[in-house]
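Next comes query.cif, with mmCIF, C-alpha atoms.
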data_upload
#
loop_
_atom_site.label_atom_id
_atom_site.label_comp_id
_atom_site.auth_asym_id
_atom_site.auth_seq_id
_atom_site.Cartn_x
_atom_site.Cartn_y
_atom_site.Cartn_z
CA MET A 1 -23.22 19.18 3.97
CA ASN A 2 -24.95 16.21 5.57
CA LEU A 3 -23.80 12.65 5.41
CA THR A 4 -26.95 10.91 4.25
CA VAL A 5 -27.29 7.16 4.15
CA SER A 6 -30.50 5.72 2.77
CA ASP A 7 -31.68 2.15 2.50
CA LEU A 8 -28.12 0.83 2.65
CA SER A 9 -27.37 -2.88 2.52
CA VAL A 10 -23.90 -4.14 3.26
CA ALA A 11 -22.36 -7.59 3.00
CA ARG A 12 -19.25 -9.22 4.37
CA GLY A 13 -17.72 -12.15 2.56
CA GLY A 14 -20.75 -12.37 0.32
CA VAL A 15 -23.14 -12.71 3.29
CA PRO A 16 -25.51 -9.76 3.82
CA VAL A 17 -25.16 -8.43 7.37
CA LEU A 18 -27.19 -5.21 7.41
CA ASP A 19 -30.24 -4.19 5.44
CA GLY A 20 -32.07 -0.89 5.10
CA VAL A 21 -29.68 1.23 7.17
CA ALA A 22 -30.71 4.87 7.03
CA PHE A 23 -29.52 7.95 8.89
CA ASP A 24 -28.84 11.60 8.28
CA LEU A 25 -25.85 13.21 9.95
CA PRO A 26 -25.70 17.02 9.83
CA PRO A 27 -22.47 18.94 10.52
CA GLY A 28 -21.68 19.32 14.22
CA ARG A 29 -23.30 16.03 15.18
CA ALA A 30 -21.95 12.60 15.97
CA LEU A 31 -23.49 9.20 15.45
CA VAL A 32 -22.54 6.34 17.75
CA LEU A 33 -23.06 2.86 16.35
CA ARG A 34 -23.89 0.16 18.85
CA GLY A 35 -24.47 -3.51 18.38
CA PRO A 36 -23.12 -6.89 19.43
CA ASN A 37 -19.93 -8.37 17.96
CA GLY A 38 -20.45 -9.40 14.37
CA ALA A 39 -23.48 -7.16 13.93
CA GLY A 40 -21.81 -5.40 10.98
CA LYS A 41 -20.53 -2.16 12.48
CA THR A 42 -17.11 -2.47 10.86
CA THR A 43 -18.61 -3.50 7.52
CA LEU A 44 -20.97 -0.52 7.62
CA LEU A 45 -18.11 1.87 8.43
CA ARG A 46 -15.88 0.42 5.68
CA THR A 47 -18.74 0.82 3.20
CA ILE A 48 -19.27 4.45 4.24
CA ALA A 49 -15.52 5.03 3.91
CA GLY A 50 -15.68 3.68 0.36
CA LEU A 51 -13.45 0.69 0.99
CA GLN A 52 -16.10 -1.72 -0.19
CA PRO A 53 -19.16 -1.27 -2.39
CA ALA A 54 -22.67 -1.25 -0.99
CA GLU A 55 -25.01 -4.07 -1.95
CA ALA A 56 -27.85 -1.61 -2.30
CA GLY A 57 -28.80 1.88 -1.19
CA ARG A 58 -27.15 5.27 -1.36
CA ILE A 59 -24.48 7.15 0.56
CA GLU A 60 -24.39 10.88 -0.07
CA GLY A 61 -21.89 13.42 1.13
CA ALA A 62 -19.07 10.92 1.66
CA GLU A 63 -17.00 11.45 -1.46
CA ASP A 64 -13.57 12.87 -0.50
CA ARG A 65 -14.86 14.05 2.86
CA ILE A 66 -14.09 11.04 5.03
CA ALA A 67 -11.19 10.41 7.36
CA TYR A 68 -11.27 6.73 8.23
CA ALA A 69 -9.62 5.07 11.23
CA GLY A 70 -9.94 1.31 11.44
CA HIS A 71 -8.64 -1.32 13.81
CA ALA A 72 -5.07 -0.87 12.58
CA ASP A 73 -3.41 2.50 13.01
CA GLY A 74 -1.44 2.50 9.76
CA LEU A 75 1.76 3.65 11.43
CA LYS A 76 5.22 2.92 10.17
CA ALA A 77 7.34 1.52 12.98
CA MET A 78 10.58 2.91 11.58
CA LEU A 79 9.31 6.46 11.21
CA SER A 80 9.16 8.91 14.11
CA VAL A 81 5.89 10.33 15.44
CA THR A 82 6.52 13.60 13.60
CA GLU A 83 7.40 11.82 10.35
CA ASN A 84 4.30 9.64 10.51
CA LEU A 85 2.02 12.64 11.02
CA ALA A 86 3.83 14.80 8.48
CA PHE A 87 3.43 12.06 5.89
CA TRP A 88 -0.33 11.86 6.35
CA ALA A 89 -0.55 15.65 6.44
CA SER A 90 1.11 15.94 3.04
CA VAL A 91 -0.98 13.11 1.61
CA PHE A 92 -4.11 15.01 2.64
CA GLY A 93 -2.64 18.31 1.46
CA THR A 94 -2.34 19.95 4.85
CA SER A 95 0.82 20.95 6.69
CA ASP A 96 -0.02 21.79 10.29
CA ILE A 97 0.63 18.88 12.64
CA ASP A 98 1.25 20.90 15.82
CA ALA A 99 -2.43 21.13 16.75
CA ALA A 100 -2.84 17.38 16.42
CA VAL A 101 0.32 16.71 18.45
CA ALA A 102 -0.92 19.00 21.21
CA ALA A 103 -4.49 17.62 21.19
CA PHE A 104 -3.32 14.05 21.74
CA ASP A 105 -0.49 14.92 24.14
CA LEU A 106 2.27 13.61 21.86
CA GLU A 107 4.67 16.53 22.38
CA GLU A 108 7.18 14.53 24.42
CA LEU A 109 7.07 11.62 21.98
CA ARG A 110 7.66 13.62 18.80
CA ASP A 111 11.08 12.17 17.99
CA ARG A 112 10.40 8.62 19.15
CA LEU A 113 10.07 5.91 16.50
CA ALA A 114 6.46 4.79 16.25
CA GLY A 115 7.58 1.19 16.71
CA THR A 116 8.80 1.96 20.24
CA LEU A 117 5.49 3.46 21.43
CA SER A 118 3.09 1.61 23.69
CA ALA A 119 -0.23 0.38 22.31
CA GLY A 120 -2.10 3.34 23.77
CA GLN A 121 0.44 5.84 22.49
CA LYS A 122 0.23 4.29 19.01
CA ARG A 123 -3.53 4.62 19.11
CA ARG A 124 -3.24 8.28 20.10
CA LEU A 125 -0.90 8.82 17.16
CA GLY A 126 -3.34 7.01 14.88
CA LEU A 127 -6.17 9.25 16.07
CA ALA A 128 -4.00 12.38 15.71
CA ARG A 129 -3.83 11.48 12.01
CA LEU A 130 -7.57 12.29 11.78
CA MET A 131 -6.88 15.86 12.80
CA VAL A 132 -4.12 16.42 10.22
CA SER A 133 -6.34 15.00 7.46
CA GLY A 134 -8.52 18.09 7.58
CA ARG A 135 -11.50 15.97 6.47
CA PRO A 136 -14.92 16.96 7.84
CA VAL A 137 -16.40 13.49 8.46
CA TRP A 138 -14.55 11.17 10.82
CA VAL A 139 -15.42 7.49 10.48
CA LEU A 140 -14.00 5.69 13.48
CA ASP A 141 -14.02 1.98 14.23
CA GLU A 142 -13.48 1.26 17.94
CA PRO A 143 -11.30 4.35 18.41
CA THR A 144 -10.84 3.93 22.16
CA VAL A 145 -9.27 0.45 22.11
CA SER A 146 -6.16 0.37 24.36
CA LEU A 147 -6.65 3.99 25.48
CA ASP A 148 -6.52 4.76 29.22
CA ALA A 149 -9.14 6.95 30.90
CA ALA A 150 -7.10 10.16 30.45
CA SER A 151 -6.54 9.43 26.76
CA VAL A 152 -10.23 8.68 26.24
CA ALA A 153 -10.93 12.12 27.69
CA LEU A 154 -8.37 13.65 25.28
CA PHE A 155 -10.05 11.83 22.43
CA ALA A 156 -13.53 12.94 23.53
CA SER A 157 -12.42 16.56 23.66
CA ALA A 158 -10.78 16.24 20.23
CA VAL A 159 -14.05 14.87 18.82
CA ARG A 160 -15.97 17.67 20.56
CA ALA A 161 -13.62 20.30 19.08
CA HIS A 162 -14.03 18.71 15.65
CA LEU A 163 -17.82 18.81 15.97
CA GLY A 164 -17.58 22.39 17.18
CA GLN A 165 -15.78 23.34 13.97
CA GLY A 166 -18.65 22.01 11.89
CA GLY A 167 -17.31 18.52 11.42
CA SER A 168 -19.20 15.31 12.06
CA ALA A 169 -18.29 11.82 13.18
CA VAL A 170 -19.57 8.27 12.93
CA LEU A 171 -18.17 6.09 15.69
CA ALA A 172 -18.50 2.43 16.54
CA THR A 173 -17.74 2.36 20.25
CA HIS A 174 -19.09 0.90 23.46
CA ILE A 175 -17.55 3.51 25.71
CA ASP A 176 -19.66 6.49 26.68
CA LEU A 177 -17.65 9.50 25.54
CA GLY A 178 -20.04 11.93 27.17
CA LEU A 179 -20.80 13.62 23.85
CA ALA A 180 -23.95 15.72 24.15
CA GLU A 181 -24.04 15.96 20.33
CA ALA A 182 -24.17 12.21 19.84
CA GLU A 183 -27.09 10.11 18.75
CA VAL A 184 -27.01 6.37 19.22
CA LEU A 185 -27.90 4.00 16.40
CA ASP A 186 -28.27 0.34 17.27
CA VAL A 187 -27.33 -1.57 14.11
CA ALA A 188 -28.86 -4.77 15.46
CA ALA A 189 -32.21 -3.33 14.35
CA PHE A 190 -31.09 -3.51 10.72
CA ARG A 191 -29.90 -7.09 10.75
CA ALA A 192 -30.28 -8.65 7.32
CA THR A 193 -32.41 -11.72 6.93
CA PRO A 194 -30.03 -14.57 6.20
CA ARG A 195 -30.13 -15.65 2.60
CA ALA A 196 -27.90 -17.74 0.44
CA ALA A 197 -24.56 -16.14 -0.29
CA ALA A 198 -24.41 -14.63 -3.73
CA ALA A 199 -21.76 -15.62 -6.25
CA ASP A 200 -18.18 -14.69 -5.36
CA GLU A 201 -18.45 -11.00 -4.69
CA ALA A 202 -15.12 -10.16 -6.30
CA PHE A 203 -16.52 -11.04 -9.70
CA LEU A 204 -19.89 -9.36 -9.49
CA MET B 1 2.24 11.22 -4.23
CA ILE B 2 5.74 12.63 -3.81
CA ALA B 3 5.25 12.29 -0.05
CA LEU B 4 4.40 8.61 -0.55
CA LEU B 5 7.48 8.08 -2.72
CA LEU B 6 9.73 9.80 -0.18
CA ARG B 7 8.21 7.79 2.65
CA ASP B 8 8.76 4.50 0.83
CA LEU B 9 12.36 5.40 0.02
CA LYS B 10 12.96 6.46 3.63
CA LEU B 11 11.48 3.21 4.93
CA ALA B 12 13.55 1.19 2.46
CA VAL B 13 16.88 2.56 3.68
CA ARG B 14 16.04 2.37 7.38
CA ALA B 15 16.65 -0.73 9.46
CA GLY B 16 14.58 -3.66 8.23
CA GLY B 17 13.71 -1.92 4.97
CA GLY B 18 15.44 -4.48 2.79
CA PHE B 19 17.25 -1.99 0.59
CA GLY B 20 20.35 -4.14 0.03
CA LEU B 21 18.49 -7.43 -0.32
CA GLY B 22 18.20 -7.57 -4.10
CA LEU B 23 21.63 -6.15 -4.65
CA ALA B 24 23.28 -8.65 -2.29
CA PHE B 25 21.45 -11.53 -3.98
CA PHE B 26 22.57 -10.31 -7.42
CA LEU B 27 26.15 -10.07 -6.17
CA ILE B 28 26.09 -13.56 -4.67
CA VAL B 29 24.64 -15.18 -7.81
CA THR B 30 27.14 -13.59 -10.17
CA VAL B 31 30.06 -14.35 -7.87
CA LEU B 32 29.01 -17.97 -7.50
CA VAL B 33 28.36 -18.72 -11.19
CA PRO B 34 32.08 -18.77 -12.20
CA PHE B 35 32.74 -21.17 -9.33
CA GLY B 36 29.92 -23.37 -10.47
CA VAL B 37 30.68 -23.55 -14.21
CA GLY B 38 34.44 -23.44 -13.91
CA PRO B 39 37.08 -20.94 -15.05
CA ASP B 40 36.52 -21.41 -18.79
CA THR B 41 36.56 -17.77 -19.95
CA ALA B 42 35.11 -18.55 -23.36
CA LEU B 43 32.12 -20.27 -21.77
CA LEU B 44 31.67 -17.48 -19.22
CA THR B 45 31.75 -14.89 -21.98
CA ARG B 46 29.03 -16.75 -23.82
CA ILE B 47 26.69 -17.11 -20.84
CA ALA B 48 27.46 -13.76 -19.14
CA PRO B 49 24.52 -11.71 -20.57
CA GLY B 50 22.00 -14.41 -19.76
CA VAL B 51 23.32 -15.05 -16.27
CA LEU B 52 23.40 -11.35 -15.45
CA TRP B 53 19.82 -10.95 -16.66
CA ILE B 54 18.53 -13.96 -14.76
CA GLY B 55 20.36 -12.79 -11.63
CA ALA B 56 18.82 -9.33 -11.91
CA LEU B 57 15.36 -10.78 -12.52
CA LEU B 58 15.50 -13.09 -9.50
CA ALA B 59 16.92 -10.30 -7.35
CA CYS B 60 13.93 -8.19 -8.37
CA LEU B 61 11.54 -11.03 -7.58
CA LEU B 62 12.95 -11.39 -4.09
CA SER B 63 11.57 -8.11 -2.79
CA LEU B 64 8.22 -8.05 -4.63
CA ASP B 65 6.07 -9.34 -1.76
CA ARG B 66 7.13 -6.38 0.36
CA ILE B 67 5.78 -3.78 -2.07
CA LEU B 68 2.22 -3.86 -0.75
CA ALA B 69 2.19 -6.51 2.00
CA LEU B 70 3.81 -4.28 4.62
CA ASP B 71 1.33 -1.48 4.03
CA TRP B 72 -1.52 -3.97 4.10
CA GLU B 73 -0.41 -5.51 7.40
CA ASP B 74 -0.22 -2.26 9.35
CA GLY B 75 -3.42 -0.89 7.86
CA SER B 76 -1.88 1.99 5.92
CA LEU B 77 -3.15 0.58 2.62
CA ASP B 78 -6.75 1.03 3.82
CA LEU B 79 -5.94 4.56 4.88
CA LEU B 80 -4.18 5.33 1.60
CA ALA B 81 -7.23 4.04 -0.25
CA THR B 82 -9.40 6.59 1.58
CA ALA B 83 -6.85 9.38 1.06
CA PRO B 84 -7.20 11.79 -1.86
CA LEU B 85 -4.76 9.81 -4.01
CA PRO B 86 -5.98 7.81 -7.01
CA MET B 87 -5.32 4.10 -6.54
CA GLU B 88 -3.57 4.04 -9.92
CA GLY B 89 -1.20 6.70 -8.61
CA ILE B 90 -0.52 4.75 -5.43
CA VAL B 91 0.47 1.57 -7.29
CA THR B 92 2.58 3.55 -9.77
CA VAL B 93 4.44 5.27 -6.94
CA LYS B 94 4.90 1.93 -5.19
CA ALA B 95 6.36 0.44 -8.38
CA LEU B 96 8.61 3.47 -8.83
CA ALA B 97 9.87 3.22 -5.25
CA HIS B 98 10.57 -0.48 -5.80
CA TRP B 99 12.48 0.30 -8.97
CA ILE B 100 14.57 2.99 -7.30
CA THR B 101 15.46 0.76 -4.35
CA THR B 102 15.90 -2.49 -6.30
CA GLY B 103 16.06 -2.03 -10.09
CA LEU B 104 18.32 1.00 -10.23
CA PRO B 105 21.04 -0.45 -7.95
CA LEU B 106 21.00 -3.59 -10.12
CA VAL B 107 21.48 -1.53 -13.28
CA LEU B 108 24.41 0.29 -11.69
CA ALA B 109 25.99 -2.86 -10.26
CA ALA B 110 25.65 -4.96 -13.41
CA PRO B 111 28.72 -3.60 -15.27
CA VAL B 112 30.91 -4.19 -12.22
CA LEU B 113 29.68 -7.75 -11.90
CA GLY B 114 30.06 -8.22 -15.68
CA VAL B 115 33.82 -8.23 -15.12
CA LEU B 116 33.49 -11.35 -12.98
CA LEU B 117 31.81 -13.14 -15.88
CA ASN B 118 34.30 -11.92 -18.48
CA LEU B 119 31.67 -9.95 -20.39
CA PRO B 120 33.25 -8.67 -23.63
CA GLY B 121 33.89 -4.92 -23.97
CA PRO B 122 31.02 -3.87 -26.27
CA GLY B 123 28.57 -5.76 -24.05
CA TYR B 124 28.75 -3.39 -21.08
CA LEU B 125 26.87 -0.53 -22.71
CA TRP B 126 24.08 -2.79 -23.99
CA LEU B 127 23.86 -4.66 -20.72
CA VAL B 128 23.25 -1.41 -18.85
CA VAL B 129 20.84 -0.13 -21.52
CA SER B 130 18.84 -3.37 -21.55
CA LEU B 131 18.62 -3.52 -17.76
CA ALA B 132 17.70 0.17 -17.53
CA LEU B 133 14.89 -0.44 -20.04
CA GLY B 134 13.78 -3.78 -18.65
CA THR B 135 13.86 -3.39 -14.86
CA PRO B 136 11.04 -0.80 -14.76
CA ALA B 137 8.84 -3.39 -16.46
CA LEU B 138 9.90 -5.96 -13.82
CA SER B 139 8.86 -3.57 -11.03
CA VAL B 140 5.52 -2.69 -12.61
CA ILE B 141 4.64 -6.33 -13.37
CA GLY B 142 5.78 -7.24 -9.86
CA THR B 143 3.51 -4.60 -8.34
CA PHE B 144 0.63 -6.12 -10.27
CA GLY B 145 1.50 -9.51 -8.79
CA ALA B 146 1.79 -7.99 -5.33
CA ALA B 147 -1.64 -6.37 -5.73
CA LEU B 148 -3.11 -9.74 -6.75
CA THR B 149 -1.71 -11.53 -3.71
CA VAL B 150 -2.00 -8.80 -1.07
CA GLY B 151 -3.71 -10.10 2.04
CA ILE B 152 -2.68 -13.71 1.42
CA LYS B 153 -0.52 -15.04 4.21
CA ARG B 154 2.81 -16.26 2.84
CA GLY B 155 1.75 -15.18 -0.62
CA GLY B 156 5.34 -15.19 -1.89
CA LEU B 157 5.07 -18.55 -3.64
CA LEU B 158 1.83 -17.65 -5.39
CA LEU B 159 3.30 -14.27 -6.29
CA SER B 160 6.35 -15.90 -7.89
CA LEU B 161 4.19 -18.35 -9.83
CA LEU B 162 1.98 -15.53 -11.11
CA VAL B 163 4.77 -13.13 -11.95
CA LEU B 164 7.46 -15.38 -13.46
CA PRO B 165 5.54 -16.18 -16.68
CA LEU B 166 4.85 -12.47 -17.09
CA TYR B 167 8.58 -11.80 -16.75
CA VAL B 168 9.51 -14.15 -19.60
CA PRO B 169 9.13 -11.72 -22.53
CA THR B 170 11.16 -9.05 -20.72
CA LEU B 171 13.85 -11.62 -19.94
CA ILE B 172 13.98 -12.95 -23.50
CA PHE B 173 14.34 -9.58 -25.17
CA GLY B 174 16.50 -8.05 -22.42
CA ALA B 175 18.99 -10.90 -22.47
CA GLU B 176 18.89 -10.88 -26.27
CA VAL B 177 19.86 -7.19 -26.36
CA ALA B 178 22.75 -7.86 -23.96
CA ARG B 179 23.88 -10.95 -25.90
CA ARG B 180 23.77 -9.34 -29.33
CA GLY B 181 25.47 -6.27 -27.89
CA ALA B 182 28.24 -8.42 -26.41
CA GLU B 183 28.76 -10.18 -29.74
CA GLY B 184 28.77 -6.92 -31.64
CA LEU B 185 25.57 -7.64 -33.62
CA ALA B 186 22.75 -5.24 -34.37
CA VAL B 187 20.52 -4.83 -31.31
CA SER B 188 17.72 -2.65 -32.60
CA THR B 189 15.01 -5.34 -33.01
CA PRO B 190 15.16 -6.83 -29.48
CA LEU B 191 15.79 -3.35 -28.07
CA LEU B 192 12.59 -2.03 -29.64
CA MET B 193 10.66 -5.06 -28.44
CA LEU B 194 12.02 -4.58 -24.92
CA ALA B 195 11.17 -0.88 -24.94
CA GLY B 196 7.71 -1.72 -26.30
CA ILE B 197 7.05 -4.20 -23.49
CA SER B 198 8.19 -1.70 -20.87
CA CYS B 199 6.07 1.11 -22.30
CA GLY B 200 3.08 -1.20 -22.64
CA VAL B 201 3.13 -2.47 -19.06
CA LEU B 202 3.86 1.02 -17.71
CA ALA B 203 0.81 2.34 -19.51
CA LEU B 204 -1.63 -0.47 -18.81
CA LEU B 205 -0.73 -2.44 -15.68
CA PRO B 206 -1.21 0.35 -13.10
CA PHE B 207 -4.93 0.32 -14.00
CA ALA B 208 -5.10 -3.45 -13.61
CA SER B 209 -3.15 -3.30 -10.33
CA ALA B 210 -5.45 -0.60 -8.96
CA ALA B 211 -8.54 -2.60 -9.93
CA VAL B 212 -7.39 -5.82 -8.22
CA LEU B 213 -6.20 -3.87 -5.20
CA ARG B 214 -9.66 -2.32 -4.78
CA ILE B 215 -11.18 -5.80 -4.86
CA ASN B 216 -8.59 -7.17 -2.43
CA LEU B 217 -9.20 -4.37 0.08
CA ARG B 218 -12.90 -5.18 0.47
#

Could you render the structure as structure tokens?
Amino acid sequence: MNLTVSDLSVARGGVPVLDGVAFDLPPGRALVLRGPNGAGKTTLLRTIAGLQPAEAGRIEGAEDRIAYAGHADGLKAMLSVTENLAFWASVFGTSDIDAAVAAFDLEELRDRLAGTLSAGQKRRLGLARLMVSGRPVWVLDEPTVSLDAASVALFASAVRAHLGQGGSAVLATHIDLGLAEAEVLDVAAFRATPRAAAADEAFL
Amino acid sequence: MIALLLRDLKLAVRAGGGFGLGLAFFLIVTVLVPFGVGPDTALLTRIAPGVLWIGALLACLLSLDRILALDWEDGSLDLLATAPLPMEGIVTVKALAHWITTGLPLVLAAPVLGVLLNLPGPGYLWLVVSLALGTPALSVIGTFGAALTVGIKRGGLLLSLLVLPLYVPTLIFGAEVARRGAEGLAVSTPLLMLAGISCGVLALLPFASAAVLRINLR
């Protein structure tokens, strides 16, 4: 099932940032979002993930199929690596965390508390959560922040394996992951024409 | 949802989880009141139900801002919102976890602390019954307040201001049950009102909490 976005407008804080975004993402493909800071990549990803409503336009094939990873990893400092992953696995109704642990090289850290991990290790744990979710569409916002070169390679191979299994991914990243399956979409092309902010969006 | 409940309980009892916070506050208030008002047992007997109820209510209030703020800060609330759990279920589980870690210990500790305030014999049963019926409402209303203020830095003051007026009916009828019980009067009217309030907020507020949380997550 494709993730199809048509004529999508998104706003942040009541100010429209992107207008007329359209793409079609079939299984096995990845879409890399590019654009300068503040172009609206995060807002677009949050809208696709269903965390905020679209101003206009349609998103098809996203309902209950998205695994979202934002700037924060959503880890609990006082839970161990295994406990953190097992929690998300049971929330998403899966049980196998071994594959995710192996894919992100977390085997030696399994019993460490997440609060004692380094920033890069936390990020790897946060990305491992995507694998245990079992969701077909990964929506990733700057997934490679604080990862070293080896971890970026681990992440790229995890994404490639996910695409190989018929999954798809939308990533906002500036690092070239070397994904042959990836298309690049520059969101700057969809910049919304500035217009007066609408009434307080919470009450629309 | 059970996984979420277990995780919240596990986090509450681990270091920094704040499990004993409400209980310790309740203990301190009820220990200090006799020192403050003096050793007049007749006076203490008269004010015991009210003091115990106010102590329990404030102890509950103390931990409200942690219900959702911690999950919001580390980003897990966003991830939970995209997980296959209904938002109404998430806030209900959060309220339940808060009740188990805060409300339930208060209910169990209240009869012990009643001794310090010279609560008369028949009052103990009704004190426990009224707290057991009333504290779930405090947790659910508190979760609603936490959902309203999630994302606001230092939202504790605003949270207290929003939640305290909503706590008043529960306090009035809960303390009334305990007082009438202690004096050996019929308790059924305030007890029914208290149960009605609890059932009402349990049925309705999770939907309101989920709706404001969705707006706050944008």

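Minimum atom-to-atom distance to chain B, evaluated using only C-alpha atoms, belongs to A:Ser133 out of A:Ser9, A:Thr94, A:Ser133, A:Thr42.
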
**Request:** Kindly provide, as number ranges by chain, the residues of chain B having any atom no farther than 8 Å from an atom of chain A, counting all atoms listed in the file.
**Result:** B: 1, 3-4, 7, 11, 14-15, 71, 74-79, 81-85, 214-215, 217-218

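Minimum distance to Ala48 of chain B across B:Leu192, B:Ile141, B:Val150, B:Val33 (counting only C-alpha atoms) occurs at B:Val33.
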
**Prompt:** How would you write, as a PyMOL selection string, the residues chosen by the PyMOL selection byres ((chain B and resi 156-158) around 12) on this structure?
**Reply:** chain B and resi 61-69+142+145-155+159-165

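Taking all atoms listed in the file into account, Trp126 of chain B lies nearest to B:Leu191 out of the set B:Ala56, B:Ala109, B:Ile90, B:Leu191.
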
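For the file shown, the residue list from the PyMOL selection byres ((chain A and resi 164) around 12) reads A:Pro27, A:Gly28, A:Arg29, A:Ala30, A:Pro136, A:Ser157, A:Ala158, A:Val159, A:Arg160, A:Ala161, A:His162, A:Leu163, A:Gln165, A:Gly166, A:Gly167, A:Ser168, A:Ala169, A:Leu179, A:Ala180, A:Glu181.
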
**Message:** Env of Phe26 of chain B: 6 Å cut, atoms = only C-alpha atoms, seq-sep filter 3 positions within chain, self excluded. Answer as a VMD selection string.
**Reply:** chain B and resid 23 29 55 to 56 59

**Asked** Quick one: which residues end up in the PyMOL selection byres ((chain A and resi 107) around 12) for this structure, as an MDAnalysis selection string?
**Response** chainID A and resid 81:82 97:106 108:112 121 124:125 128

**Shell of 12 Å around Pro143 of chain A, all atoms listed in the file, local chain residues under 2 positions omitted, as a PyMOL selection string** = chain A and resi 32+42+68-73+120+122-128+130+138-141+145-148+151-152+154-156+159+169-177

Would you export the selected residues with C-alpha atoms as a PDB file, in the frame of the given file, please?
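So the final result, stored in result.pdb, reads:
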ATOM      1  CA  VAL A  32     -22.540   6.340  17.750  1.00  0.00           C
ATOM      2  CA  THR A  42     -17.110  -2.470  10.860  1.00  0.00           C
ATOM      3  CA  TYR A  68     -11.270   6.730   8.230  1.00  0.00           C
ATOM      4  CA  ALA A  69      -9.620   5.070  11.230  1.00  0.00           C
ATOM      5  CA  GLY A  70      -9.940   1.310  11.440  1.00  0.00           C
ATOM      6  CA  HIS A  71      -8.640  -1.320  13.810  1.00  0.00           C
ATOM      7  CA  ALA A  72      -5.070  -0.870  12.580  1.00  0.00           C
ATOM      8  CA  ASP A  73      -3.410   2.500  13.010  1.00  0.00           C
ATOM      9  CA  GLY A 120      -2.100   3.340  23.770  1.00  0.00           C
ATOM     10  CA  LYS A 122       0.230   4.290  19.010  1.00  0.00           C
ATOM     11  CA  ARG A 123      -3.530   4.620  19.110  1.00  0.00           C
ATOM     12  CA  ARG A 124      -3.240   8.280  20.100  1.00  0.00           C
ATOM     13  CA  LEU A 125      -0.900   8.820  17.160  1.00  0.00           C
ATOM     14  CA  GLY A 126      -3.340   7.010  14.880  1.00  0.00           C
ATOM     15  CA  LEU A 127      -6.170   9.250  16.070  1.00  0.00           C
ATOM     16  CA  ALA A 128      -4.000  12.380  15.710  1.00  0.00           C
ATOM     17  CA  LEU A 130      -7.570  12.290  11.780  1.00  0.00           C
ATOM     18  CA  TRP A 138     -14.550  11.170  10.820  1.00  0.00           C
ATOM     19  CA  VAL A 139     -15.420   7.490  10.480  1.00  0.00           C
ATOM     20  CA  LEU A 140     -14.000   5.690  13.480  1.00  0.00           C
ATOM     21  CA  ASP A 141     -14.020   1.980  14.230  1.00  0.00           C
ATOM     22  CA  VAL A 145      -9.270   0.450  22.110  1.00  0.00           C
ATOM     23  CA  SER A 146      -6.160   0.370  24.360  1.00  0.00           C
ATOM     24  CA  LEU A 147      -6.650   3.990  25.480  1.00  0.00           C
ATOM     25  CA  ASP A 148      -6.520   4.760  29.220  1.00  0.00           C
ATOM     26  CA  SER A 151      -6.540   9.430  26.760  1.00  0.00           C
ATOM     27  CA  VAL A 152     -10.230   8.680  26.240  1.00  0.00           C
ATOM     28  CA  LEU A 154      -8.370  13.650  25.280  1.00  0.00           C
ATOM     29  CA  PHE A 155     -10.050  11.830  22.430  1.00  0.00           C
ATOM     30  CA  ALA A 156     -13.530  12.940  23.530  1.00  0.00           C
ATOM     31  CA  VAL A 159     -14.050  14.870  18.820  1.00  0.00           C
ATOM     32  CA  ALA A 169     -18.290  11.820  13.180  1.00  0.00           C
ATOM     33  CA  VAL A 170     -19.570   8.270  12.930  1.00  0.00           C
ATOM     34  CA  LEU A 171     -18.170   6.090  15.690  1.00  0.00           C
ATOM     35  CA  ALA A 172     -18.500   2.430  16.540  1.00  0.00           C
ATOM     36  CA  THR A 173     -17.740   2.360  20.250  1.00  0.00           C
ATOM     37  CA  HIS A 174     -19.090   0.900  23.460  1.00  0.00           C
ATOM     38  CA  ILE A 175     -17.550   3.510  25.710  1.00  0.00           C
ATOM     39  CA  ASP A 176     -19.660   6.490  26.680  1.00  0.00           C
ATOM     40  CA  LEU A 177     -17.650   9.500  25.540  1.00  0.00           C
TER      41      LEU A 177
END
